[in-house]
Amino acid sequence: MRLLTVCLLALVLGRAATAGEFVLSAYCPPALRLDDAGNCVLHSQYQAYASLYDKGVGGLKTGLPPVRDGFTPQQIDLGRYLFFDPLLSADGSIACSSCHDPERGFSDGQARSIGVQGTPLQRSAPSLWNVAFMQRLLWDGSKASLEEQLQGPLYAAEEMGGNPQKLLAALRGNAHYRQLFSSAFNDDSLDLAQIYTALAAFESSLISLNSRYDLYAHGVHSALTGPEKEGLNVFRSFVARCAECHTPPLFTNQQIAVLGVPEAEGRPLDPGAAATSGDDSQRGGFRVPSLRNVALTAPYMHAGNFDSLREAAAFYTGGRGHAVPEGENLNLHWHIWDPELSDSELDRLVDFLMALTDQSFLPEIPKTVPSGLPPGRAPGLAPPGTHALHSHPVTEFDHEALP
Amino acid sequence: MIAARPLLTLLLSLLALMGNTAFGALHDVHEGDSIQAAVEAAEPGDTIRVHPGIYRETVYVDKDDITLRGVVEEGEWPTLEGDKQLNDAILYSGNGFTVEWFKITHYKGNAIMGQAGNNFSIRNNWIIDTGVYGIFPEFGENGLIENNVLSGIEDAAIYVGMCDYIDVRNNHVFENVAGIEIENSRHALVEGNIARDNTGGILVFITPGLPIKTSYDAIVRRNTVINNNTPNFAIPGSLVSTIPAGTGIIVNSGDDVVIEDNIITGNNTAGIIVTSQDFATGVAGDPASDPNPDRVQILDNVMFNNGNDPATDVKALMLTQFSTTGPDILAYKGAAEAERESCVSRKSAYRTFGLEEWGDCTSPTVRAADAVGSAPALAGTTRDVTTKMLPEPATPRVITVDANGAKLVYQGICAGCHTYNIRMIGPPVMAIKAQYGEDASAIASYIAAPEKKRPDFPTMPPQDHLSEAMRLEVAKYMLTLNK
């Protein structure tokens with residue numbers, strides 16, 4: 001018993017950060033498991049299933065698309081500190097987490113996010129849940145990797161407003177970060193690639209595949225209520241056609257789709273994918289977003305102008321092209337039609353979408369970050385410690401409680 | 001007795017052929033009962049027998065190895081009636097699904113739709129006006145669609161979407177917009193069907209913007225494709241709404257398609273149209289989708305009396321050749337180019353447009369389409385290819401009840417609340433190990449019906465959805481953790 005207590009104490013101390021010091025976790029976040037090479041790799045029941053051509057699209061028992069994993073626990077934990085640290089913005093006012101807050105489904109509850117200039121950005125902040133599986137990123141699908149994508153918000157003047165030189169100087173000027181990068185990468189260079197890797201590592205650890213829907217998919221049919229099953233059948237029916245683009249298991253087929261979604265009042269049509277791909281036939285096209293944890297990420301669509309899931313679902317029953325501005329001739333997706341869904345069918349769809357919520361692997365928001373600045377939070381969310389977070393409080397285990 | 005013995009042997013062989021389904025339970029459903037209730041009561045391997053009568057419901061099958069079998073008595077069919085109120089008649093996602101001998105009518109979406117169900121059989125169904133599609137397997141591997149009769153469908157009557165290894169045989173499709181459509185699918189045999197009086201008879205397509213990008217290795221053989229002249233009544237905006245009435249067979253961007261031994265007559269625009277994606281307009285671009293049909297082989301087919309009243313675009317093309325009638329075979333834009341390596345047999349027998357650059361299929365240098373198992377003996381012909389289905393069923397999808405399966409379940413579910421040494425929602429694994437020692441079975445029974453044990457932790461949610469054996473494996477796995 002005494003030996004066990006000593007071991008426990010050692011382990012607990014090995015994990016905890018003492019005052020003024022940051023120690024990176026030696027453990028993988030849940031869902032990931034340390035392999036023999038010391039990297040965190042995904043384990044999910046979905047890995048027992050195949051998918052055609054490894055595309056990760058299909059029905060209930062369909063495997064996942066290729067995943068970004070294999071980062072070390074230390075890289076992931078370093079990424080977590082960076083993610084919440086406003087030191088990454090030009091004026092120390094916002095962090096990645098200011099627009100991608102765990103308590104807002106890794107979005108921010110805003111129609112359009114607010115950057116360092118205090119003005120709304122072009123689009124709403126997409127959720128980061130399951131971003132490890134996304135083959136293209138951003139609303140316009142223009143980025144192929146997390147490392148490539150995250151440089152956008154870091155350096156865009158209206159977003160975090162930084163530049164590579166300033167970012168390097170800020171991090172290299174911080175003794176905690178010098179020590180943390182050295183420990184995570186076994187290397188003292190603290191360079192841009194390491195920063196991007198650590199952020200990508202943390203983002204890739206945000207796995208949500210354990211909702212009640214997932215239990216149903218794995219064969220536990222009691223996991224969904226009657227109304228939710230009705231909603232599933234509306235969702236996958238060829239009348240509503242939701243599953244044709246929001247295809248299980250990730251509830252996205254990762255394609256660009258032109259829907260003809262309205263812009264916010266007075267805003268011009270967002271050209272979407274056409275602006276970055278140069279293919280005008282994609283005008284008004286956006287990457288199909290995953291619907292996992294969608295109940296947490298209102299308001300909806302790229303313009304953030306649908307306040308509720310019910311309103312977002314009702315868009316699809318408004319008639320093909322009903323919100324396309326006059327004079328625009330968009331190549332609307334063939335699944336956009338008028339399914340004439342009834343009010344009760346829309347309600348059931350919302351019931352079903354709410355069964356996709358799973359935050360069981362929510363990461364901890366650090367109480368302090370190396371810069372000493374308050375960790376970035378979405379508008380209206382108090383800094384941790386003053387606000388009850390719906391996450392799992394990770395505290396040192398009280399070994400006295402052992403039998 | 002002597003006579004009974006061969007009969008018994010025959011019966012046993014038949015049972016063996018039918019596989020494990022023969023040993024499942026039978027569930028009888030009569031008019032007034034719910035088919036879905038029977039599905040819910042059924043176990044994998046069971047058969048649900050539905051007796052004549054009208055059934056107004058959406059039946060969904062999210063289990064493996066279920067057979068829905070209609071019982072037809074003196075011409076009375078069990079009928080799924082959607083009253084133009086219900087969306088789909090039958091949805092399935094399980095493997096090994098069979099549905100046969102149903103009349104299905106007046107649904108809004110589909111008669112029968114599969115999402116990632118493998119090893120399916122859909123046969124002997126009578127489907128009238130069921131909305132967008134009649135039979136629509138999607139994301140399925142290894143399936144048979146046979147002896148179904150479908151009419152009045154506003155898109156494709158039989159639509160094979162993003163599937164592999166599918167046979168479509170001996171179906172009769174008439175008065176639909178599209179008769180049979182193979183879309184973004186590979187390894188398909190479309191044989192012995194009658195496609196008549198549709199807008200377009202048989203289609204092999206690549207549609208851009210779908211997650212699975214290719215369509216190749218399709219054989220369209222021994223079909224009767226006649227009088228497909230019904231005016232297009234598709235919903236505006238749908239992909240088939242651009243199909244010109246009067247088209248027998250259309251290959252739009254599909255690769256390695258063999259068209260052989262068909263009878264193609266009376267189609268007023270053209271017998272066969274081979275085209276690149278230029279043909280359909282109004283679709284957003286997809287750089288990952290190859291727009292051109294490569295290596296199309298049009299072998300021996302009986303074609304006459306096509307093109308009598310061609311659609312406007314085709315008429316305009318033909319006028320450039322000083323003709324007002326449509327062709328037997330039309331290669332359009334990219335499909336006409338030599339680099340497509342397409343070919344035709346006996347070209348001089350047909351009226352053609354755009355085939356100047358096509359090769360002669362009788363040349364031995366032309367590669368035959370891939371056959372499953374063995375290549376055809378003769379270059380060009382597919383006559384010795386009997387099926388595109390797999391010799392063995394597609395891989396089962398099971399989380400195995402062993403250490404590997406337990407690891408997935410543990411990481412997928414348990415790890416949300418338990419880490420090795422840190423307090424989360426539940427106590428750390430080291431505390432659990434300290435309490436239970438090596439007693440995995442005690443953990444396995446506890447997690448089936450947990451009670452509150454520790455004052456400072458919430459009660460654990462029951463995991464009785466896991467089988468007893470799996471709970472034991474997960475408990476054993478948990479006890480192996482040491483970091």
# chains A, B, ... in the order shown; residues from 1 in each chain; ligands from 1
$ select_by_dssp --residues "range 249-403 of chain B" --states "strand (DSSP E)" --output "JSON, numbers by chain"
{"B": [249, 250, 251, 252, 255, 256, 257, 258, 259, 260, 263, 264, 265, 270, 271, 272, 273, 274, 275, 297, 298, 302, 303, 304, 329, 330, 331, 332, 343, 344, 352, 353, 359, 360]}
$ residues_around --residues "Gly141 in chain A" --least-positions-apart "2" --cutoff "7 Å" --atoms "only C-alpha atoms" --output "PyMOL selection string"
chain A and resi 136-139+143+273+286-287
$ residues_around --residues "Asn95 in chain B" --least-positions-apart "4" --cutoff "6 Å" --atoms "only C-alpha atoms" --output "ChimeraX atom specification"
/B:64,117-119
$ closest_atom_pairs --of "chain B" --to "chain A" --cutoff "7 Å" --atoms "only C-alpha atoms" --output "CSV"
residue,atom,partner,partner_atom,distance
B:Asn87,CA,A:Val239,CA,6.0
B:Asp88,CA,A:Ser237,CA,6.2
B:Ser93,CA,A:Gly59,CA,6.1
B:Lys108,CA,A:Val239,CA,6.6
B:Gly109,CA,A:Phe238,CA,4.7
B:Asn110,CA,A:Phe238,CA,6.4
B:Gln115,CA,A:Gly59,CA,4.9
B:Ala116,CA,A:Gly59,CA,4.9
B:Phe139,CA,A:Gly58,CA,5.5
B:Gly209,CA,A:Gln255,CA,6.2
B:Leu210,CA,A:Gln255,CA,6.9
B:Pro211,CA,A:Asn253,CA,5.9
B:Gly237,CA,A:Trp334,CA,5.5
B:Ser238,CA,A:Trp334,CA,5.0
B:Leu239,CA,A:Trp334,CA,6.4
B:Gly282,CA,A:Asn331,CA,5.0
B:Val283,CA,A:Asn331,CA,5.3
B:Ala284,CA,A:Ser281,CA,4.8
B:Gly285,CA,A:Ser281,CA,5.7
B:Arg397,CA,A:Tyr49,CA,5.1
B:Val398,CA,A:Ala48,CA,6.2
B:Ile399,CA,A:Ala48,CA,5.4
B:Leu408,CA,A:Ser44,CA,4.9
B:Val409,CA,A:Gln45,CA,5.8
B:Gln411,CA,A:Ala31,CA,4.9
B:Gly412,CA,A:Ser44,CA,4.9
B:Ile413,CA,A:Asn210,CA,6.4
B:Ala415,CA,A:Pro30,CA,5.2
B:Gly416,CA,A:Ser360,CA,5.0
B:Ile422,CA,A:Phe397,CA,5.6
B:Arg423,CA,A:Phe397,CA,4.9
B:Met424,CA,A:Val394,CA,5.2
B:Ile425,CA,A:His392,CA,5.9
B:Ala431,CA,A:Leu402,CA,6.1
B:Gln435,CA,A:Pro403,CA,6.5
B:His465,CA,A:Val220,CA,6.1
$ write_last_selection --atoms "C-alpha atoms" --output "mmCIF file, in the first residue's frame"
data_model
loop_
_atom_site.group_PDB
_atom_site.id
_atom_site.type_symbol
_atom_site.label_atom_id
_atom_site.label_comp_id
_atom_site.auth_asym_id
_atom_site.auth_seq_id
_atom_site.Cartn_x
_atom_site.Cartn_y
_atom_site.Cartn_z
ATOM 1 C CA ASN B 87 -40.630 9.395 -47.953
ATOM 2 C CA ASP B 88 -39.072 5.986 -48.540
ATOM 3 C CA SER B 93 -27.750 -0.186 -43.974
ATOM 4 C CA LYS B 108 -41.860 10.399 -52.450
ATOM 5 C CA GLY B 109 -38.189 9.410 -52.242
ATOM 6 C CA ASN B 110 -37.346 5.808 -53.041
ATOM 7 C CA GLN B 115 -26.678 3.175 -47.534
ATOM 8 C CA ALA B 116 -23.471 1.163 -47.298
ATOM 9 C CA PHE B 139 -22.033 2.949 -51.094
ATOM 10 C CA GLY B 209 -18.793 16.664 -56.836
ATOM 11 C CA LEU B 210 -19.364 13.244 -55.308
ATOM 12 C CA PRO B 211 -16.837 11.835 -52.842
ATOM 13 C CA GLY B 237 -32.117 20.951 -61.432
ATOM 14 C CA SER B 238 -31.729 17.197 -61.194
ATOM 15 C CA LEU B 239 -28.897 15.718 -63.226
ATOM 16 C CA GLY B 282 -25.158 23.625 -64.645
ATOM 17 C CA VAL B 283 -22.966 21.539 -62.347
ATOM 18 C CA ALA B 284 -20.169 23.061 -60.258
ATOM 19 C CA GLY B 285 -16.688 22.025 -61.342
ATOM 20 C CA ARG B 397 -18.263 -5.332 -40.117
ATOM 21 C CA VAL B 398 -17.877 -6.479 -36.565
ATOM 22 C CA ILE B 399 -16.048 -5.230 -33.539
ATOM 23 C CA LEU B 408 -11.371 0.136 -29.645
ATOM 24 C CA VAL B 409 -14.336 0.117 -27.276
ATOM 25 C CA GLN B 411 -10.668 4.128 -26.226
ATOM 26 C CA GLY B 412 -13.942 4.998 -27.928
ATOM 27 C CA ILE B 413 -16.096 5.027 -24.804
ATOM 28 C CA ALA B 415 -11.408 6.799 -22.100
ATOM 29 C CA GLY B 416 -13.766 9.761 -22.017
ATOM 30 C CA ILE B 422 -5.577 11.416 -13.434
ATOM 31 C CA ARG B 423 -8.981 12.119 -12.040
ATOM 32 C CA MET B 424 -11.513 12.889 -14.755
ATOM 33 C CA ILE B 425 -15.233 12.196 -14.568
ATOM 34 C CA ALA B 431 -7.551 3.326 -8.407
ATOM 35 C CA GLN B 435 -9.705 -1.967 -5.836
ATOM 36 C CA HIS B 465 -25.263 -2.225 -24.387
#
$ closest_residue --among "A:Ala184, A:Ala303, A:Leu291, A:Ala313" --to "Ala198 in chain A" --atoms "only C-alpha atoms"
A:Ala184
$ residues_around --residues "Asp191 in chain A" --least-positions-apart "2" --cutoff "10 Å" --atoms "only C-alpha atoms" --output "PyMOL selection string"
chain A and resi 164+167-168+171-172+181+187-189+193-196
$ residues_around --residues "Asp46 in chain B" --least-positions-apart "6" --cutoff "7 Å" --atoms "only C-alpha atoms" --output "mmCIF file with C-alpha atoms, in the first residue's frame"
data_model
loop_
_atom_site.group_PDB
_atom_site.id
_atom_site.type_symbol
_atom_site.label_atom_id
_atom_site.label_comp_id
_atom_site.auth_asym_id
_atom_site.auth_seq_id
_atom_site.Cartn_x
_atom_site.Cartn_y
_atom_site.Cartn_z
ATOM 1 C CA THR B 21 -30.240 -17.197 -43.506
ATOM 2 C CA GLY B 24 -32.871 -18.008 -38.922
ATOM 3 C CA ALA B 25 -36.351 -17.607 -37.505
ATOM 4 C CA LEU B 26 -39.418 -16.781 -39.571
ATOM 5 C CA ILE B 66 -32.287 -9.767 -42.715
ATOM 6 C CA THR B 67 -34.584 -11.021 -45.480
#
$ residues_around --residues "Thr269 in chain B" --least-positions-apart "6" --cutoff "6 Å" --atoms "only C-alpha atoms" --output "PyMOL selection string"
chain B and resi 246-247+307+309-311+326
$ write_last_selection --atoms "N, CA and C atoms" --output "mmCIF file, in the first residue's frame"
data_model
loop_
_atom_site.group_PDB
_atom_site.id
_atom_site.type_symbol
_atom_site.label_atom_id
_atom_site.label_comp_id
_atom_site.auth_asym_id
_atom_site.auth_seq_id
_atom_site.Cartn_x
_atom_site.Cartn_y
_atom_site.Cartn_z
ATOM 1 N N GLY B 246 -35.359 10.271 -76.112
ATOM 2 C CA GLY B 246 -35.006 9.528 -77.306
ATOM 3 C C GLY B 246 -33.622 8.935 -77.276
ATOM 4 N N THR B 247 -33.057 8.737 -76.069
ATOM 5 C CA THR B 247 -31.697 8.225 -75.969
ATOM 6 C C THR B 247 -31.708 6.788 -75.458
ATOM 7 N N GLY B 307 -32.951 7.591 -84.015
ATOM 8 C CA GLY B 307 -32.688 8.947 -84.479
ATOM 9 C C GLY B 307 -33.775 9.565 -85.339
ATOM 10 N N ASP B 309 -36.298 11.393 -84.650
ATOM 11 C CA ASP B 309 -36.751 12.740 -84.287
ATOM 12 C C ASP B 309 -35.816 13.276 -83.208
ATOM 13 N N PRO B 310 -34.586 13.634 -83.603
ATOM 14 C CA PRO B 310 -33.568 13.930 -82.591
ATOM 15 C C PRO B 310 -33.851 15.204 -81.801
ATOM 16 N N ALA B 311 -33.368 15.216 -80.564
ATOM 17 C CA ALA B 311 -33.439 16.412 -79.730
ATOM 18 C C ALA B 311 -32.653 17.533 -80.408
ATOM 19 N N GLY B 326 -31.080 11.452 -86.283
ATOM 20 C CA GLY B 326 -30.013 11.188 -85.319
ATOM 21 C C GLY B 326 -29.290 9.900 -85.650
#
$ select_by_dssp --residues "range 91-327 of chain A" --states "alpha helix (DSSP H)" --output "ChimeraX atom specification"
/A:96-99,146-155,164-172,175-185,192-204,212-217,226-236,242-245,273-277,309-315
